[in-house]
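A short write-up of the structure that comes next.
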Amino acid sequence: MKRPGRVSLFALIFLIQVLVSSVLTAATPPILDSVFPCGGQQGSSLELKVAGTGLDEVTRLICSHSEIAAEKIGKDQFRVSIPASVPVGTYDLRVLCRNGLSSPRSFIVGNRAEVLETEPNEKLKSAQAVSLDVSINGCISQKGDVDVYRFQASQGQRVVLECLAERIDSSLRPILEVFDSRGRRLAVNRGFFNNDPLISFRVPADGSYEVKVFDLIYSGSPNHFYRLDIDTGPRMLFTVPTVVQSGETSQISIYGWNLNRLKNGPEQQLAQEAARRSLELGEDSSNGQPQLIQNNPTVGNALERLDLTIKAPADSDSILVPLRRGSEQTDLESFAFQLEEGHAPLSISLTDLPVVLEQESHQTSQTAQQIAYPIEVSGQLISGDEQDWYAFQARRGEVLWFEAWGQRINSPVDLDISLLDGAGQKVLARFTDHISNSGSRQFSLSHLDPVGKWVVPADGRYLIMIRNLRGGLDDDPRRVYRFSLRRQEPEFHLAVVPHHQKQASLNIERGGRALLAVYAIRKRGMTESIRVSAVNLPPGIECPDVWLGPHTDRALLTVSASESAPAFVENLQLKVSSAQGAGGRISGGTLVRTDLPNATSRLTTGIPLAVTDTAPVKITATPQLTRKHDLFGEMKLRHAPGSVLDVAVQVDRRDLSDQAEVKLQGVGLPQMIQNQSAVIPAGVNKGYLSFYLPPYLPEGHYTLTIQAETEVTNPKTKKKTSVMLFSNPVSFEVKPAAFVVAVDTESPRKIRRGETIQVKYSARRINGFISKIHTEVEAPAVKVDGLRVRGVTFVGQTEEGTLQIIANEDAPLGKQPFIRLSAVGVVEDQAVYHGSCFLNLEITNSTE
């Protein structure tokens, strides 16, 4: 029997969901979920399909490498051409559609033959036949899906099976399994490079072998794509040293498989013939390495070593680095090193310091290796319980910075640093995981590498002990690290990400604005203001400078498009400078997946922007820099700790029939400034938002932005749609204060119409100020309606007083936002200093 009430309720819920969905869809930026295939071979062309949300009327496919071209051949299909000159590596693909530029997805350019998965291939018996030395593009397209491939191999061959998923922005958590021709499982791996698996094995006998790919929890979707390499060519894992000095020639040893196939070549600058040294990796799956299922000595991971000489680039920014870098690697300087005939480039870190290698006999405090700072050390913690000891001489009062890299250079270690006295008996300091996140929850800059500073207490000898907390029972030469010891020398790195909770690109409406979130990693005592500026802006684009004030790690960069800006896609170019004169680097970033328990994010090879449709509303924010005073005339305001910053907001509506109220609040505020909100009433085009600058706010340059929310008419559907708007950046300088104004805690907070109250307050003098201080009540830019106040002037050393406030019979009822006690400091009859604090006064009816 039907229940009309229940059916109506379901229908109502469904209708609400549809309405909410339509509003959300209107506000959702174009998101590119997948490109398939997710890679291609140098010197070839391929047909590629794109999928995502908000991808209406797709017109172009754009690659971060300018030589990779795409031609549209269908609604969501392109023919992509990859010239042979494009380096092997990882690039960004985006699509341009009616809603603007999409979020990026990774695209691999390889030098092996490309193969597409063909169904059915779910079982060993129906495995898809492929050759060696191929890259297979596949997808675990639905729950429970399994992909199986068969290849022929000869006895003694070293075959490397590697699955890329996490490293190409996929939702797949892949597991690899290898079977022989009789169906016996030889090896399995579920995480070699973080979540991406790798199996390397020596072929035990001539014949066919099967490799199986599936998801860890048997999940699946079109976003569970992958690339599977079945390779017998040279493959690099890591180098020793793992870091080299910029611009210098260095001797390095590369460790990997099938390196003996390489010959001398000018590009690699080989110092000698490949020197082979077998190093057996432990086969324990608990630490992310392949687990031997069959006790077969021919299935192993014998590493080879190749010694050579390289010339490091002088600057990592001067070359294209076609490598994927996570957001936690924002402060990592590196370059891509490629071997001739090799399958993929390897990241090698760069430093400005001399680099030394660890000594073999420094595993105890008695045999500590002597070093002298500033220096970088490259080492290995091969055994699970190994400890590396270093000794150094230091002088009293020096500020030293300790930093180690493990996770950020993709090494399977969790590093820990202990600083001890010269005898190795007393621990003076310990540096562990750097979990402080100056980014956001979605775009995290935190990592598990130790960082810290230490002030030398006395002249003498000190010891450093480095160990791996993760450990393990088996030896693993992949446990490399780099360690830096230097004096306090300010440095910073910035990441710039579209200001959105989901994946997005920088799309700007004509006559409108879009925001970029700027996140700073401050290092080695970098505390002062950082300035971000745009250079070589395209026509019709404006991007005012913004400041990250002292100790401030976040800011918002505003990019505006004029009404006449042409449609184009171009990279935004930024430069940085600092009050301390420290150098800094800036990188683009993107959110990768927000549908996972832990959001993933990475860096991008550029900061592209696109100009889209015309904005329905525009808001302009103007900080109040002058004030007209009855006693002192036109005053130039001086913002200081313990004062109020007033911001006027102008609303310009394209459709004059849209007159809804506008809700205002601040975004991108420095951490010490409390946010405020206000409402511009319906039909009004101007309002104010005021922020209190607390007495403990450090002096320096700051920037904030005003966010506005209102309703406009959708020109196509004629329905009301909620929109979020952002103002131009509001930059201001905070200078030293002369006094701090505060309302007495016992003073009344309410006043009735027709009533007179006494408000006690103080104006505490600081920084040696002894001149006059005149105080009165005011509101932003206008006189306070309905209130009468006689100002008070302090002379000499007076710091406390009382203001008498009278409420007229027609005074506006309710809480009065942003009314404050405002004080002016006078020097030789000139108004120079300013201070204020909110009064938080409420006007009530006389009958209450």
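Following the order of the structure tokens, first chain is A, next is B, and so on, with residues numbered from 1 inside each chain and ligands from 1 in the order they appear.
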
Write out as a tab-separated table (two decimals) with C-alpha atoms, in the first residue's frame the residues lying within 6 Å of region 166-182 of chain A, counting only C-alpha atoms and excluding same-chain residues fewer than 4 positions away.
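Just written: result33.tsv:
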```tsv
chain	number	residue	atom	x	y	z
A	106	SER	CA	49.38	14.60	-14.87
A	186	LEU	CA	56.26	-15.34	-7.34
A	187	ALA	CA	56.03	-11.86	-5.76
A	188	VAL	CA	53.58	-9.23	-4.59
A	189	ASN	CA	53.95	-5.56	-3.66
A	190	ARG	CA	51.53	-2.88	-2.52
A	208	SER	CA	55.49	-16.68	-20.01
A	209	TYR	CA	54.70	-14.66	-16.90
A	210	GLU	CA	51.57	-12.82	-15.77
A	211	VAL	CA	51.31	-9.58	-13.82
A	212	LYS	CA	48.06	-8.71	-12.08
A	213	VAL	CA	46.88	-5.20	-11.12
A	214	PHE	CA	43.99	-4.49	-8.74
A	215	ASP	CA	42.92	-2.04	-6.04
A	216	LEU	CA	43.82	-2.56	-2.38
A	223	ASN	CA	39.39	7.80	-11.89
A	224	HIS	CA	41.29	4.59	-10.96
A	225	PHE	CA	43.63	4.83	-13.97
```

- [ ] Please provide the set of residues having any atom within 8 Å of Arg764 (chain A), restricted to only C-alpha atoms, with same-chain residues fewer than 6 positions apart removed, written as a PyMOL selection string.
- [x] chain A and resi 739-741+799-800

Task: Residue neighbourhood Gln142 (chain A), 6 Å, only C-alpha atoms, exclusion window fewer than 2 positions, as a ChimeraX atom specification - done: /A:140,145,220-221

File dump, residues just selected, C-alpha atoms, as an mmCIF file, in the first residue's frame:
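To be explicit, this is the file written out as selection37.cif:
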```
data_model
loop_
_atom_site.group_PDB
_atom_site.id
_atom_site.type_symbol
_atom_site.label_atom_id
_atom_site.label_comp_id
_atom_site.auth_asym_id
_atom_site.auth_seq_id
_atom_site.Cartn_x
_atom_site.Cartn_y
_atom_site.Cartn_z
ATOM 1 C CA ILE A 140 40.362 -0.377 -12.759
ATOM 2 C CA ASP A 145 37.935 -5.191 -11.466
ATOM 3 C CA GLY A 220 37.192 1.029 -8.925
ATOM 4 C CA SER A 221 36.005 3.942 -11.069
#
```

Open item on the list: I'd like the neighbourhood of region 124-126 of chain A as a list in words, where a residue qualifies if any of its atoms comes within 8 Å (using only C-alpha atoms), though same-chain residues fewer than 4 positions away should be ignored.
Closed with: Pro120, Val148, Tyr149, Gly183 and Glu210 of chain A

Produce a file of the selected residues containing all heavy atoms, as a CSV table (one decimal), in the first residue's frame.
```csv
chain,number,residue,atom,x,y,z
A,120,PRO,N,38.4,-8.6,-22.5
A,120,PRO,CA,38.5,-9.0,-21.1
A,120,PRO,C,39.9,-9.4,-20.8
A,120,PRO,O,40.5,-10.1,-21.6
A,120,PRO,CB,37.5,-10.1,-21.0
A,120,PRO,CG,37.5,-10.7,-22.4
A,120,PRO,CD,37.7,-9.6,-23.4
A,148,VAL,N,45.0,-8.3,-15.9
A,148,VAL,CA,46.1,-9.2,-16.0
A,148,VAL,C,46.8,-9.1,-17.4
A,148,VAL,O,46.1,-9.0,-18.4
A,148,VAL,CB,45.6,-10.7,-15.8
A,148,VAL,CG1,46.8,-11.6,-15.7
A,148,VAL,CG2,44.8,-10.8,-14.5
A,149,TYR,N,48.1,-9.1,-17.4
A,149,TYR,CA,48.9,-9.0,-18.6
A,149,TYR,C,49.9,-10.1,-18.6
A,149,TYR,O,50.5,-10.5,-17.6
A,149,TYR,CB,49.6,-7.7,-18.7
A,149,TYR,CG,48.7,-6.5,-18.6
A,149,TYR,CD1,48.4,-5.9,-17.4
A,149,TYR,CD2,48.0,-6.0,-19.7
A,149,TYR,CE1,47.5,-4.8,-17.3
A,149,TYR,CE2,47.1,-4.9,-19.6
A,149,TYR,CZ,46.9,-4.3,-18.4
A,149,TYR,OH,46.0,-3.3,-18.3
A,183,GLY,N,51.0,-20.7,-12.8
A,183,GLY,CA,50.0,-20.0,-11.9
A,183,GLY,C,50.5,-19.8,-10.5
A,183,GLY,O,49.7,-19.5,-9.6
A,210,GLU,N,52.7,-13.7,-15.9
A,210,GLU,CA,51.6,-12.8,-15.8
A,210,GLU,C,51.8,-11.8,-14.6
A,210,GLU,O,52.3,-12.2,-13.6
A,210,GLU,CB,50.3,-13.6,-15.5
A,210,GLU,CG,49.8,-14.4,-16.7
A,210,GLU,CD,50.5,-15.7,-16.9
A,210,GLU,OE1,50.9,-16.3,-15.9
A,210,GLU,OE2,50.6,-16.1,-18.1
```

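Neighbouring residues of region 358-365 of chain A at 8 Å or closer, counting only C-alpha atoms and skipping chain neighbours under 2 positions away, are Val356, Thr367, Ala368, Gln369, Val377, Ser378, Gly379, Gln380, Glu386, Gln387, Asp388, Trp389, Tyr390, Ala423, Gly424 and Leu463 of chain A.
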
Just-selected residues, all heavy atoms written as a compact mmCIF listing (two decimals), in the first residue's frame:
```txt
# COMPACT_ATOMS: atom_id res chain seq x y z
N VAL A 356 79.56 16.70 1.59
CA VAL A 356 80.50 15.63 1.92
C VAL A 356 79.71 14.34 2.09
O VAL A 356 78.53 14.35 2.45
CB VAL A 356 81.31 15.93 3.20
CG1 VAL A 356 82.14 17.18 3.03
CG2 VAL A 356 80.37 16.06 4.40
N THR A 367 83.52 7.25 17.31
CA THR A 367 84.06 7.33 15.94
C THR A 367 83.34 8.37 15.10
O THR A 367 83.28 8.26 13.88
CB THR A 367 83.96 5.96 15.26
OG1 THR A 367 82.58 5.57 15.19
CG2 THR A 367 84.75 4.91 16.01
N ALA A 368 82.76 9.37 15.74
CA ALA A 368 81.97 10.38 15.03
C ALA A 368 82.79 11.07 13.96
O ALA A 368 83.98 11.40 14.16
CB ALA A 368 81.43 11.41 16.02
N GLN A 369 82.17 11.30 12.82
CA GLN A 369 82.83 11.97 11.69
C GLN A 369 82.89 13.47 11.95
O GLN A 369 81.89 14.11 12.27
CB GLN A 369 82.05 11.68 10.40
CG GLN A 369 82.63 12.34 9.15
CD GLN A 369 81.86 11.96 7.91
OE1 GLN A 369 81.13 10.96 7.89
NE2 GLN A 369 82.03 12.73 6.84
N VAL A 377 75.66 17.03 4.42
CA VAL A 377 76.17 15.66 4.46
C VAL A 377 75.16 14.76 3.78
O VAL A 377 73.94 14.89 4.00
CB VAL A 377 76.40 15.18 5.91
CG1 VAL A 377 76.91 13.75 5.93
CG2 VAL A 377 77.36 16.12 6.63
N SER A 378 75.65 13.85 2.95
CA SER A 378 74.79 12.84 2.33
C SER A 378 75.14 11.49 2.93
O SER A 378 76.30 11.09 2.94
CB SER A 378 74.99 12.81 0.81
OG SER A 378 74.18 11.82 0.21
N GLY A 379 74.12 10.80 3.46
CA GLY A 379 74.39 9.53 4.12
C GLY A 379 73.32 8.49 3.84
O GLY A 379 72.33 8.73 3.14
N GLN A 380 73.54 7.30 4.41
CA GLN A 380 72.60 6.19 4.31
C GLN A 380 72.47 5.52 5.67
O GLN A 380 73.45 5.42 6.42
CB GLN A 380 73.09 5.14 3.30
CG GLN A 380 73.05 5.56 1.85
CD GLN A 380 73.70 4.52 0.95
OE1 GLN A 380 74.93 4.49 0.82
NE2 GLN A 380 72.89 3.68 0.33
N GLU A 386 70.72 1.45 12.58
CA GLU A 386 71.98 2.18 12.38
C GLU A 386 71.88 3.60 12.93
O GLU A 386 70.83 4.25 12.84
CB GLU A 386 72.31 2.22 10.88
CG GLU A 386 73.63 2.91 10.57
CD GLU A 386 73.99 2.82 9.09
OE1 GLU A 386 73.48 1.89 8.40
OE2 GLU A 386 74.76 3.66 8.63
N GLN A 387 72.97 4.07 13.48
CA GLN A 387 73.09 5.44 13.95
C GLN A 387 74.31 6.06 13.30
O GLN A 387 75.39 5.47 13.28
CB GLN A 387 73.25 5.49 15.47
CG GLN A 387 72.07 4.95 16.25
CD GLN A 387 72.31 4.98 17.75
OE1 GLN A 387 73.40 5.34 18.21
NE2 GLN A 387 71.29 4.63 18.52
N ASP A 388 74.15 7.25 12.74
CA ASP A 388 75.26 7.99 12.15
C ASP A 388 75.62 9.15 13.06
O ASP A 388 74.75 9.96 13.43
CB ASP A 388 74.90 8.49 10.76
CG ASP A 388 74.87 7.37 9.72
OD1 ASP A 388 75.22 6.24 10.07
OD2 ASP A 388 74.48 7.64 8.56
N TRP A 389 76.91 9.24 13.43
CA TRP A 389 77.38 10.26 14.37
C TRP A 389 78.31 11.25 13.67
O TRP A 389 79.15 10.87 12.85
CB TRP A 389 78.13 9.60 15.52
CG TRP A 389 77.24 8.83 16.46
CD1 TRP A 389 76.72 7.60 16.27
CD2 TRP A 389 76.76 9.28 17.73
NE1 TRP A 389 75.95 7.22 17.33
CE2 TRP A 389 75.96 8.24 18.25
CE3 TRP A 389 76.93 10.44 18.49
CZ2 TRP A 389 75.33 8.34 19.49
CZ3 TRP A 389 76.32 10.53 19.72
CH2 TRP A 389 75.52 9.50 20.21
N TYR A 390 78.14 12.52 14.01
CA TYR A 390 78.98 13.59 13.49
C TYR A 390 79.41 14.50 14.65
O TYR A 390 78.66 14.69 15.61
CB TYR A 390 78.24 14.41 12.43
CG TYR A 390 77.75 13.58 11.27
CD1 TYR A 390 76.46 13.05 11.26
CD2 TYR A 390 78.58 13.32 10.18
CE1 TYR A 390 76.01 12.28 10.19
CE2 TYR A 390 78.14 12.56 9.11
CZ TYR A 390 76.85 12.04 9.13
OH TYR A 390 76.42 11.28 8.07
N ALA A 423 80.91 14.51 24.99
CA ALA A 423 81.13 13.14 25.47
C ALA A 423 80.02 12.20 25.02
O ALA A 423 80.12 10.98 25.23
CB ALA A 423 81.23 13.14 26.99
N GLY A 424 78.98 12.74 24.42
CA GLY A 424 77.88 11.90 23.99
C GLY A 424 77.02 11.38 25.11
O GLY A 424 76.28 10.41 24.94
N LEU A 463 78.18 16.77 19.49
CA LEU A 463 77.92 15.59 18.67
C LEU A 463 76.49 15.62 18.13
O LEU A 463 75.57 16.14 18.77
CB LEU A 463 78.11 14.31 19.48
CG LEU A 463 79.52 14.02 20.00
CD1 LEU A 463 79.51 12.76 20.85
CD2 LEU A 463 80.50 13.88 18.84
```

Task: Of the listed residues A:Arg408, A:His834, A:Arg396, A:Lys75, that which approaches His774 (chain A) most closely, counting only C-alpha atoms - done: A:His834

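Taking only C-alpha atoms, the non-local environment of Gln42 (chain A) within 9 Å (same-chain residues fewer than 5 positions away omitted) comprises Ser81, Ile82, Pro83, Ala84, Ser85, Val86, Pro87, Val88, Val109, Gly110, Asn111 and Arg112 of chain A.
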
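Shortest atom-to-atom contact with Ala458 (chain A) among A:Arg395, A:Lys750, A:Asn410, A:Leu485: A:Arg395, counting only C-alpha atoms.
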
Open item on the list: Could you check the closest approach to Leu693 (chain A) for each of A:Leu506, A:Leu473, A:Met465, A:Cys837 and tell me which residue wins, using only C-alpha atoms?
Closed with: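 Smallest separation from Leu693 (chain A) among the options: A:Cys837.
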
TODO: May I have all residues of region 283-450 of chain A that DSSP, computed from the backbone, assigns to helix (DSSP H, G or I), given as a ChimeraX atom specification?
DONE: /A:285-287,316-318,327-329,407-409

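Here the question is which of A:Pro204, A:Gly144, A:Gly39, A:Pro566 gets nearest to Leu228 (chain A) using only C-alpha atoms, and that residue is A:Gly39.
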
Open item on the list: Which residue is closest to Leu609 (chain A)? Choose from A:Leu420, A:Cys543, A:Leu339, A:Met635 and count only C-alpha atoms.
Closed with: A:Cys543

TODO: Might you pull out every residue within 7 Å of Asn571 (chain A), with only C-alpha atoms counted and same-chain residues fewer than 4 positions away left off, and present them as a list in words?
DONE: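 With the cut-off at 7 Å, the set is Gly606, Ile607, Pro608 and Leu609 of chain A.
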
Saved selection, atoms kept: all heavy atoms, as a CSV table (one decimal), in the first residue's frame:
```csv
chain,number,residue,atom,x,y,z
A,606,GLY,N,53.5,25.6,-13.6
A,606,GLY,CA,53.2,27.0,-13.9
A,606,GLY,C,52.0,27.5,-13.1
A,606,GLY,O,51.4,26.7,-12.4
A,607,ILE,N,51.6,28.7,-13.3
A,607,ILE,CA,50.4,29.3,-12.7
A,607,ILE,C,49.5,29.9,-13.9
A,607,ILE,O,49.5,31.1,-14.1
A,607,ILE,CB,50.7,30.4,-11.7
A,607,ILE,CG1,51.8,29.9,-10.7
A,607,ILE,CG2,49.5,30.8,-10.9
A,607,ILE,CD1,52.3,30.9,-9.8
A,608,PRO,N,48.8,29.0,-14.6
A,608,PRO,CA,48.1,29.5,-15.8
A,608,PRO,C,46.8,30.2,-15.3
A,608,PRO,O,46.2,29.9,-14.3
A,608,PRO,CB,47.8,28.2,-16.6
A,608,PRO,CG,47.8,27.1,-15.5
A,608,PRO,CD,48.8,27.5,-14.5
A,609,LEU,N,46.4,31.2,-16.1
A,609,LEU,CA,45.2,31.9,-15.9
A,609,LEU,C,44.4,32.0,-17.2
A,609,LEU,O,44.9,32.0,-18.3
A,609,LEU,CB,45.4,33.3,-15.3
A,609,LEU,CG,46.2,34.3,-16.1
A,609,LEU,CD1,45.2,35.2,-17.0
A,609,LEU,CD2,47.0,35.3,-15.2
```

Open item on the list: Here is a test: counting only C-alpha atoms, which residue of A:Ser141, A:Ser578, A:Gln650, A:Ser440 is nearest to Ser601 (chain A)?
Closed with: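 Closest candidate: A:Ser440.
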
Task: Gap from CA of Pro695 (chain A) to CA of Met526 (chain A) - Å, one decimal - done: 22.0 Å

Open item on the list: For a test of reading the model, state the distance in Å between CA of Ala129 (chain A) and CA of Leu198 (chain A), rounded to one decimal.
Closed with: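 If I compute the distance from CA of Ala129 (chain A) to CA of Leu198 (chain A), I get 20.0 Å.
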
TODO: From region 510-686 of chain A, collect each residue whose DSSP state is strand (DSSP E) and return the set as number ranges by chain.
DONE: A: 510, 513-523, 530-535, 541-542, 546-548, 554-561, 569-571, 573-578, 584-593, 600-604, 608-614, 617-623, 626-629, 633-636, 643-653, 662-667, 677-680, 686
